[in-house]
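Taking it in order: structure first as structure tokens, then the write-up.
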Number of protein chains: 2
Amino acid sequence: MISRSDVLAASETIRGHIRRTPVVDLDGVTLKLELLQHTGSFKPRGTFNKVLRDGCGPEGLIAASGGNHGLAVAYAARRLGVPAEVFVPTISSPTKVARLRSLEATVHVGGSEYAEALLKAQARQTETGALGVHAYDDPLVIAGQGTVGAELHEQAGDLDVVLVAVGGGGLASGIAAYYGSDVQVVAVETEHTNAYAAAVAAGRPVVVDRVGGPAADSLGASSIGVLAFDILQTNLVPSLLVSDRWVLVAQQLLWTEFRLVAEPGGATALAALLSGVYVPEESCKVGVVVCGSNTDPQTVIA
Amino acid sequence: MISRSDVLAASETIRGHIRRTPVVDLDGVTLKLELLQHTGSFKPRGTFNKVLRDGCGPEGLIAASGGNHGLAVAYAARRLGVPAEVFVPTISSPTKVARLRSLEATVHVGGSEYAEALLKAQARQTETGALGVHAYDDPLVIAGQGTVGAELHEQAGDLDVVLVAVGGGGLASGIAAYYGSDVQVVAVETEHTNAYAAAVAAGRPVVVDRVGGPAADSLGASSIGVLAFDILQTNLVPSLLVSDRWVLVAQQLLWTEFRLVAEPGGATALAALLSGVYVPEESCKVGVVVCGSNTDPQTVIA
């Protein structure tokens, strides 16, 4: 199982390739502005850790992604001078697909769900010999995403609680692996992207039906990652569900208060605080990861 | 003349009222993201210092402003529970006027230039007895704006050069007062908002004609402030002019690289680096203040 030492090793590995994103205060809550990362989400952390540790040849990289992971893989490939192929489901936002193409990745759009795109990517990987980078269910990817937690710890000191959105669980499990029992990590999902909540209820990762809502294109994994589930459960990470309406309220607040454009999945952790789904105890120091910005800004501006 | 001790006193005075804005790295250059300040610009720093030091009664606050200063005054008034009246010239962006109204300020639109709005504000102030807050030509306002420099120093350590946009000169002179001879502060203006460059050429503040271009609504002062000019000259701050085209390039880069929405005036200092108008020496540590975000985001998105 991944632990703090794996995350700290990842921090060393990816140094110089990723951006140290800033924190800001919102009424005593520390917001980690990971949406200012290269490509607009935390995903390059896991990708660079995977690629730099496993190495990759001239065949380049291959991935399946609803968008943000694909952007990270395309970005890393371009920085490392190798080609990238990205398989995206039709659910992906046009904004993300356009950005993928602008990073010179070969984009294959097809399949209604992430799981289908993943199967196609795996078949193609067998043909080409490229390095496959899983969006979340890989120990090196998880350790890379966990570096968000390591940075937050350096920047904000000792927090009591960290709220983080969950799709496939790579970011939340990486952060939970970093903090271990020192900090209560809380996973936040939406009512229509609830792969971790469903797994908690079932006692194991299960496929969820009817993924949808505004956060679906980043949090809409059809099941939580096997590794992520194990780490989240070991670290006693609870799942909280927020409504789509509160996700949009959080997105709007980030715009009006900070002029930050967050995507719905990126604003989901904050929605748990705003909606009162999560109410911190008095004097509890809370951190919230704002993890993605890849949306059409016109959807955010009131 | 204002010095570092005045700026440090201002830091104490306004603590708890303003946001400590973060810094990020762009290829070795430190960007101070002051556009994430309350109301989307640095202006609340000067306003809070003025109001908290001079005090204000139930008559409230009054100001003339092309927008950002007015927003700061309206915001401070609301936080302190007093009314605000703001006089804005017709050149002001509709986005800013709408935001002023949303902060519950009484807005008077009229006059084609800032100078006309200022005269009207001064006349009204005589009637009502409200506290007038000048947008830049006031020692308490300048000391408050200088706290951007004090924070940047804490966050980025010893820089060699700090680039900052100039309109009326409050921000640049405050930062120059803070750094004194320790750091080279460089004032950046646009070819059509050049009040400081004109003053440097004339040896004294002069009224500039034909203010215009995309940055005019934030940098378009018709003359540099008398106090600001004195501080800038004493601290040997040069003026550099960038073209409107490079201002828009800088705005675009902040969006594509960071997903940050900066207004043209907020991106002007960065434009000096991108355009090559300012070329730092090898191993020179450069800071750039990104100072405002109040624009229609649709103008930024490619």
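Each chain of the structure tokens is named A, B, ... in the order shown, its residues numbered from 1; ligands are numbered from 1 in display order.
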Next on the checklist: Should the cut-off be 8 Å, what would the residue list for chain B against chain A look like, counting only C-alpha atoms, as number ranges by chain?
Outcome noted: B: 19-25, 35-40, 257-261, 293, 297-298, 301
Cut-off 8 Å: closest segment 38-57 of chain A/segment 9-13 of chain A atom pairs per residue, using only C-alpha atoms, as a Markdown table:
| residue | atom | partner | partner_atom | distance |
| --- | --- | --- | --- | --- |
| A:Asn49 | CA | A:Ala10 | CA | 5.9 |
| A:Leu52 | CA | A:Thr13 | CA | 7.1 |
| A:Arg53 | CA | A:Thr13 | CA | 7.7 |
How would the residues just picked look written out with C-alpha atoms as a PDB file, in the first residue's frame?
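again.pdb, freshly written:
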ATOM      1  CA  ASN A  49       5.611  10.373 -11.703  1.00  0.00           C
ATOM      2  CA  LEU A  52       9.618   9.392 -15.175  1.00  0.00           C
ATOM      3  CA  ARG A  53       9.691   6.293 -12.965  1.00  0.00           C
TER       4      ARG A  53
END
As a PDB file with C-alpha atoms, in the first residue's frame, which residues of segment 38-259 of chain A does DSSP assign to strand (DSSP E or B)?
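Below is the file out_17.pdb, written as the result:
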ATOM      1  CA  SER A  41      -5.772  20.219 -13.104  1.00  0.00           C
ATOM      2  CA  LEU A  61       2.266   7.572 -24.151  1.00  0.00           C
ATOM      3  CA  ILE A  62      -1.288   6.342 -24.383  1.00  0.00           C
ATOM      4  CA  ALA A  63      -4.242   6.992 -22.149  1.00  0.00           C
ATOM      5  CA  ALA A  64      -7.997   6.944 -21.818  1.00  0.00           C
ATOM      6  CA  ALA A  84       0.647  10.779 -27.222  1.00  0.00           C
ATOM      7  CA  GLU A  85      -2.609   9.059 -28.132  1.00  0.00           C
ATOM      8  CA  VAL A  86      -5.678   9.781 -26.038  1.00  0.00           C
ATOM      9  CA  PHE A  87      -9.008   7.922 -26.130  1.00  0.00           C
ATOM     10  CA  VAL A  88     -11.901   9.992 -24.849  1.00  0.00           C
ATOM     11  CA  THR A 106      -3.824  12.183 -31.391  1.00  0.00           C
ATOM     12  CA  VAL A 107      -7.380  12.134 -30.060  1.00  0.00           C
ATOM     13  CA  HIS A 108      -9.825   9.270 -30.567  1.00  0.00           C
ATOM     14  CA  VAL A 109     -13.372  10.159 -29.568  1.00  0.00           C
ATOM     15  CA  LEU A 131       3.438   3.375 -22.154  1.00  0.00           C
ATOM     16  CA  GLY A 132      -0.110   3.279 -20.874  1.00  0.00           C
ATOM     17  CA  VAL A 161      -9.454  18.159   7.812  1.00  0.00           C
ATOM     18  CA  VAL A 162      -8.860  18.164   4.049  1.00  0.00           C
ATOM     19  CA  LEU A 163     -11.820  17.995   1.675  1.00  0.00           C
ATOM     20  CA  VAL A 164     -11.127  16.594  -1.763  1.00  0.00           C
ATOM     21  CA  ALA A 165     -13.317  15.584  -4.701  1.00  0.00           C
ATOM     22  CA  GLN A 184      -8.969  13.533   8.412  1.00  0.00           C
ATOM     23  CA  VAL A 185      -9.326  13.394   4.645  1.00  0.00           C
ATOM     24  CA  VAL A 186     -12.958  13.650   3.498  1.00  0.00           C
ATOM     25  CA  ALA A 187     -13.987  12.508   0.021  1.00  0.00           C
ATOM     26  CA  VAL A 188     -16.656  14.589  -1.695  1.00  0.00           C
ATOM     27  CA  GLU A 189     -18.721  13.308  -4.588  1.00  0.00           C
ATOM     28  CA  THR A 190     -21.880  14.504  -6.295  1.00  0.00           C
ATOM     29  CA  THR A 193     -21.019  10.827  -9.644  1.00  0.00           C
ATOM     30  CA  SER A 239     -17.705   9.881   1.458  1.00  0.00           C
ATOM     31  CA  LEU A 240     -20.021  12.883   1.424  1.00  0.00           C
ATOM     32  CA  LEU A 241     -22.464  13.607  -1.386  1.00  0.00           C
ATOM     33  CA  VAL A 242     -23.318  17.102  -2.559  1.00  0.00           C
TER      34      VAL A 242
END
Next on the checklist: Report, in Å to a single decimal, how far apart atom CA of Glu263 of chain A and atom CA of Asn235 of chain A are.
Outcome noted: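 Separation between atom CA of Asn235 of chain A and atom CA of Glu263 of chain A: 27.4 Å.
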Checklist entry - Mind checking DSSP for segment 91-123 of chain A and telling me the helix (DSSP H, G or I) residues as a PyMOL selection string? => result chain A and resi 94-102+114-123
For N, CA, C and O atoms, I'd like the residues from the last selection saved as a PDB file, in the first residue's frame.
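Output saved as result_21.pdb:
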ATOM      1  N   PRO A  94     -16.379  19.565 -25.041  1.00  0.00           N
ATOM      2  CA  PRO A  94     -15.707  20.061 -26.257  1.00  0.00           C
ATOM      3  C   PRO A  94     -14.487  20.916 -25.906  1.00  0.00           C
ATOM      4  O   PRO A  94     -13.477  20.893 -26.605  1.00  0.00           O
ATOM      5  N   THR A  95     -14.583  21.661 -24.790  1.00  0.00           N
ATOM      6  CA  THR A  95     -13.444  22.484 -24.361  1.00  0.00           C
ATOM      7  C   THR A  95     -12.210  21.613 -24.147  1.00  0.00           C
ATOM      8  O   THR A  95     -11.109  21.946 -24.588  1.00  0.00           O
ATOM      9  N   LYS A  96     -12.405  20.492 -23.455  1.00  0.00           N
ATOM     10  CA  LYS A  96     -11.252  19.633 -23.165  1.00  0.00           C
ATOM     11  C   LYS A  96     -10.712  18.972 -24.428  1.00  0.00           C
ATOM     12  O   LYS A  96      -9.497  18.842 -24.594  1.00  0.00           O
ATOM     13  N   VAL A  97     -11.596  18.536 -25.303  1.00  0.00           N
ATOM     14  CA  VAL A  97     -11.138  17.885 -26.532  1.00  0.00           C
ATOM     15  C   VAL A  97     -10.342  18.878 -27.388  1.00  0.00           C
ATOM     16  O   VAL A  97      -9.286  18.542 -27.932  1.00  0.00           O
ATOM     17  N   ALA A  98     -10.826  20.114 -27.450  1.00  0.00           N
ATOM     18  CA  ALA A  98     -10.107  21.130 -28.229  1.00  0.00           C
ATOM     19  C   ALA A  98      -8.724  21.375 -27.628  1.00  0.00           C
ATOM     20  O   ALA A  98      -7.735  21.523 -28.355  1.00  0.00           O
ATOM     21  N   ARG A  99      -8.653  21.397 -26.294  1.00  0.00           N
ATOM     22  CA  ARG A  99      -7.345  21.620 -25.667  1.00  0.00           C
ATOM     23  C   ARG A  99      -6.396  20.447 -25.887  1.00  0.00           C
ATOM     24  O   ARG A  99      -5.192  20.635 -26.053  1.00  0.00           O
ATOM     25  N   LEU A 100      -6.948  19.229 -25.894  1.00  0.00           N
ATOM     26  CA  LEU A 100      -6.134  18.048 -26.196  1.00  0.00           C
ATOM     27  C   LEU A 100      -5.491  18.187 -27.569  1.00  0.00           C
ATOM     28  O   LEU A 100      -4.294  17.933 -27.741  1.00  0.00           O
ATOM     29  N   ARG A 101      -6.302  18.590 -28.525  1.00  0.00           N
ATOM     30  CA  ARG A 101      -5.780  18.705 -29.896  1.00  0.00           C
ATOM     31  C   ARG A 101      -4.722  19.807 -29.959  1.00  0.00           C
ATOM     32  O   ARG A 101      -3.732  19.686 -30.676  1.00  0.00           O
ATOM     33  N   SER A 102      -4.931  20.860 -29.182  1.00  0.00           N
ATOM     34  CA  SER A 102      -3.954  21.959 -29.216  1.00  0.00           C
ATOM     35  C   SER A 102      -2.623  21.519 -28.607  1.00  0.00           C
ATOM     36  O   SER A 102      -1.593  22.135 -28.856  1.00  0.00           O
ATOM     37  N   TYR A 114     -16.206   6.217 -19.944  1.00  0.00           N
ATOM     38  CA  TYR A 114     -14.780   6.094 -19.723  1.00  0.00           C
ATOM     39  C   TYR A 114     -14.306   4.656 -19.883  1.00  0.00           C
ATOM     40  O   TYR A 114     -13.251   4.389 -20.476  1.00  0.00           O
ATOM     41  N   ALA A 115     -15.101   3.707 -19.356  1.00  0.00           N
ATOM     42  CA  ALA A 115     -14.686   2.298 -19.376  1.00  0.00           C
ATOM     43  C   ALA A 115     -14.461   1.815 -20.812  1.00  0.00           C
ATOM     44  O   ALA A 115     -13.525   1.054 -21.087  1.00  0.00           O
ATOM     45  N   GLU A 116     -15.305   2.260 -21.736  1.00  0.00           N
ATOM     46  CA  GLU A 116     -15.140   1.862 -23.133  1.00  0.00           C
ATOM     47  C   GLU A 116     -13.870   2.474 -23.738  1.00  0.00           C
ATOM     48  O   GLU A 116     -13.136   1.806 -24.470  1.00  0.00           O
ATOM     49  N   ALA A 117     -13.660   3.738 -23.409  1.00  0.00           N
ATOM     50  CA  ALA A 117     -12.451   4.396 -23.911  1.00  0.00           C
ATOM     51  C   ALA A 117     -11.205   3.684 -23.393  1.00  0.00           C
ATOM     52  O   ALA A 117     -10.208   3.518 -24.107  1.00  0.00           O
ATOM     53  N   LEU A 118     -11.280   3.230 -22.153  1.00  0.00           N
ATOM     54  CA  LEU A 118     -10.133   2.535 -21.554  1.00  0.00           C
ATOM     55  C   LEU A 118      -9.837   1.227 -22.283  1.00  0.00           C
ATOM     56  O   LEU A 118      -8.673   0.914 -22.570  1.00  0.00           O
ATOM     57  N   LEU A 119     -10.883   0.481 -22.619  1.00  0.00           N
ATOM     58  CA  LEU A 119     -10.679  -0.783 -23.348  1.00  0.00           C
ATOM     59  C   LEU A 119     -10.011  -0.522 -24.694  1.00  0.00           C
ATOM     60  O   LEU A 119      -9.090  -1.239 -25.095  1.00  0.00           O
ATOM     61  N   LYS A 120     -10.470   0.507 -25.382  1.00  0.00           N
ATOM     62  CA  LYS A 120      -9.877   0.834 -26.685  1.00  0.00           C
ATOM     63  C   LYS A 120      -8.410   1.247 -26.531  1.00  0.00           C
ATOM     64  O   LYS A 120      -7.556   0.888 -27.335  1.00  0.00           O
ATOM     65  N   ALA A 121      -8.136   2.004 -25.490  1.00  0.00           N
ATOM     66  CA  ALA A 121      -6.754   2.440 -25.262  1.00  0.00           C
ATOM     67  C   ALA A 121      -5.860   1.242 -24.968  1.00  0.00           C
ATOM     68  O   ALA A 121      -4.729   1.159 -25.464  1.00  0.00           O
ATOM     69  N   GLN A 122      -6.385   0.295 -24.189  1.00  0.00           N
ATOM     70  CA  GLN A 122      -5.570  -0.872 -23.841  1.00  0.00           C
ATOM     71  C   GLN A 122      -5.281  -1.724 -25.080  1.00  0.00           C
ATOM     72  O   GLN A 122      -4.173  -2.240 -25.255  1.00  0.00           O
ATOM     73  N   ALA A 123      -6.279  -1.856 -25.958  1.00  0.00           N
ATOM     74  CA  ALA A 123      -6.079  -2.620 -27.196  1.00  0.00           C
ATOM     75  C   ALA A 123      -5.006  -1.954 -28.062  1.00  0.00           C
ATOM     76  O   ALA A 123      -4.096  -2.604 -28.591  1.00  0.00           O
TER      77      ALA A 123
END
Do you know which residues are at most 8 Å from Ser112 of chain A counting only C-alpha atoms, after dropping those on the same chain fewer than 6 positions away, and could you put them as an mmCIF file with C-alpha atoms, in the first residue's frame?
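What landed in around.cif:
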data_model
loop_
_atom_site.group_PDB
_atom_site.id
_atom_site.type_symbol
_atom_site.label_atom_id
_atom_site.label_comp_id
_atom_site.auth_asym_id
_atom_site.auth_seq_id
_atom_site.Cartn_x
_atom_site.Cartn_y
_atom_site.Cartn_z
ATOM 1 C CA PRO A 89 -15.562 9.060 -24.403
ATOM 2 C CA THR A 90 -18.175 11.119 -26.209
ATOM 3 C CA ILE A 91 -19.273 12.578 -22.827
#
Item to check | Shell of 7 Å around Thr128 of chain A, only C-alpha atoms, local chain residues under 3 positions omitted, as a list in words | outcome: Glu59, Arg124 and Gln125 of chain A
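Distances here use only C-alpha atoms; by that measure, the residue among A:Ala156, A:Pro58, A:Ser92, A:Val290 closest to Gly28 of chain A is A:Ala156.
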Item to check | Atomic distance atom CA of Ala135 of chain A - atom CA of Glu151 of chain A, expressed in Å with one decimal | outcome: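 Taking atom CA of Ala135 of chain A as the start and atom CA of Glu151 of chain A as the end point, the length is 21.0 Å.
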Item to check | Asp158 of chain A environment, 9 Å, only C-alpha atoms, sequence neighbours closer than 6 positions dropped, as a list in words | outcome: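 Non-adjacent residues within range: Asp182, Val183 and Lys285 of chain A.
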Item to check | Test item: residues at most 10 Å from segment 199-202 of chain B, only C-alpha atoms, excluding those fewer than 3 positions along its chain, as a PyMOL selection string | outcome: chain B and resi 194-196+205-208+223-226+229+232-233+237-239
Output C-alpha atoms for every residue in the selection just made, as a PDB file, in the first residue's frame.
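The result, stored in selection_3.pdb:
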ATOM      1  CA  ASN B 194       1.391  56.940 -20.475  1.00  0.00           C
ATOM      2  CA  ALA B 195       0.928  59.497 -17.702  1.00  0.00           C
ATOM      3  CA  TYR B 196       4.188  58.618 -15.971  1.00  0.00           C
ATOM      4  CA  PRO B 205       3.207  65.641 -13.789  1.00  0.00           C
ATOM      5  CA  VAL B 206       1.375  66.752 -16.928  1.00  0.00           C
ATOM      6  CA  VAL B 207      -2.038  66.054 -18.389  1.00  0.00           C
ATOM      7  CA  VAL B 208      -1.843  63.531 -21.220  1.00  0.00           C
ATOM      8  CA  SER B 223      -1.908  62.602 -15.096  1.00  0.00           C
ATOM      9  CA  ILE B 224       0.395  60.808 -12.696  1.00  0.00           C
ATOM     10  CA  GLY B 225      -0.204  61.614  -9.034  1.00  0.00           C
ATOM     11  CA  VAL B 226       1.965  64.366  -7.592  1.00  0.00           C
ATOM     12  CA  PHE B 229       5.691  61.064  -9.211  1.00  0.00           C
ATOM     13  CA  LEU B 232       8.904  57.195  -8.274  1.00  0.00           C
ATOM     14  CA  GLN B 233      11.526  59.764  -9.236  1.00  0.00           C
ATOM     15  CA  VAL B 237      11.886  54.132 -11.223  1.00  0.00           C
ATOM     16  CA  PRO B 238      12.042  54.129 -15.049  1.00  0.00           C
ATOM     17  CA  SER B 239       8.984  53.995 -17.297  1.00  0.00           C
TER      18      SER B 239
END
Which residues come within 8 Å of Ala271 of chain A, counting only C-alpha atoms, excluding same-chain residues fewer than 3 positions away, as a PDB file with C-alpha atoms, in the first residue's frame?
ATOM      1  CA  VAL A 242     -23.318  17.102  -2.559  1.00  0.00           C
ATOM      2  CA  TRP A 246     -24.353  23.267  -4.661  1.00  0.00           C
ATOM      3  CA  VAL A 247     -21.542  22.392  -7.040  1.00  0.00           C
ATOM      4  CA  VAL A 249     -22.945  27.567  -6.225  1.00  0.00           C
ATOM      5  CA  ALA A 250     -19.346  26.729  -5.305  1.00  0.00           C
ATOM      6  CA  ALA A 267     -15.491  23.084  -7.113  1.00  0.00           C
ATOM      7  CA  THR A 268     -17.128  19.954  -5.679  1.00  0.00           C
ATOM      8  CA  LEU A 274     -20.982  25.756   1.424  1.00  0.00           C
ATOM      9  CA  SER A 275     -23.959  23.424   1.455  1.00  0.00           C
TER      10      SER A 275
END
Segment 31-50 of chain A residues near segment 71-78 of chain A within 7 Å, closest pair each, using only C-alpha atoms, as CSV:
residue,atom,partner,partner_atom,distance
A:Thr39,CA,A:Leu71,CA,6.2
A:Lys43,CA,A:Ala72,CA,5.6
A:Pro44,CA,A:Ala72,CA,4.6
A:Thr47,CA,A:Val73,CA,6.2
A:Phe48,CA,A:Ala76,CA,6.5
Checklist entry - What separation in Å, quoted to one decimal, exists between atom CA of Gly203 of chain B and atom CA of Asp230 of chain B? => result 10.3 Å
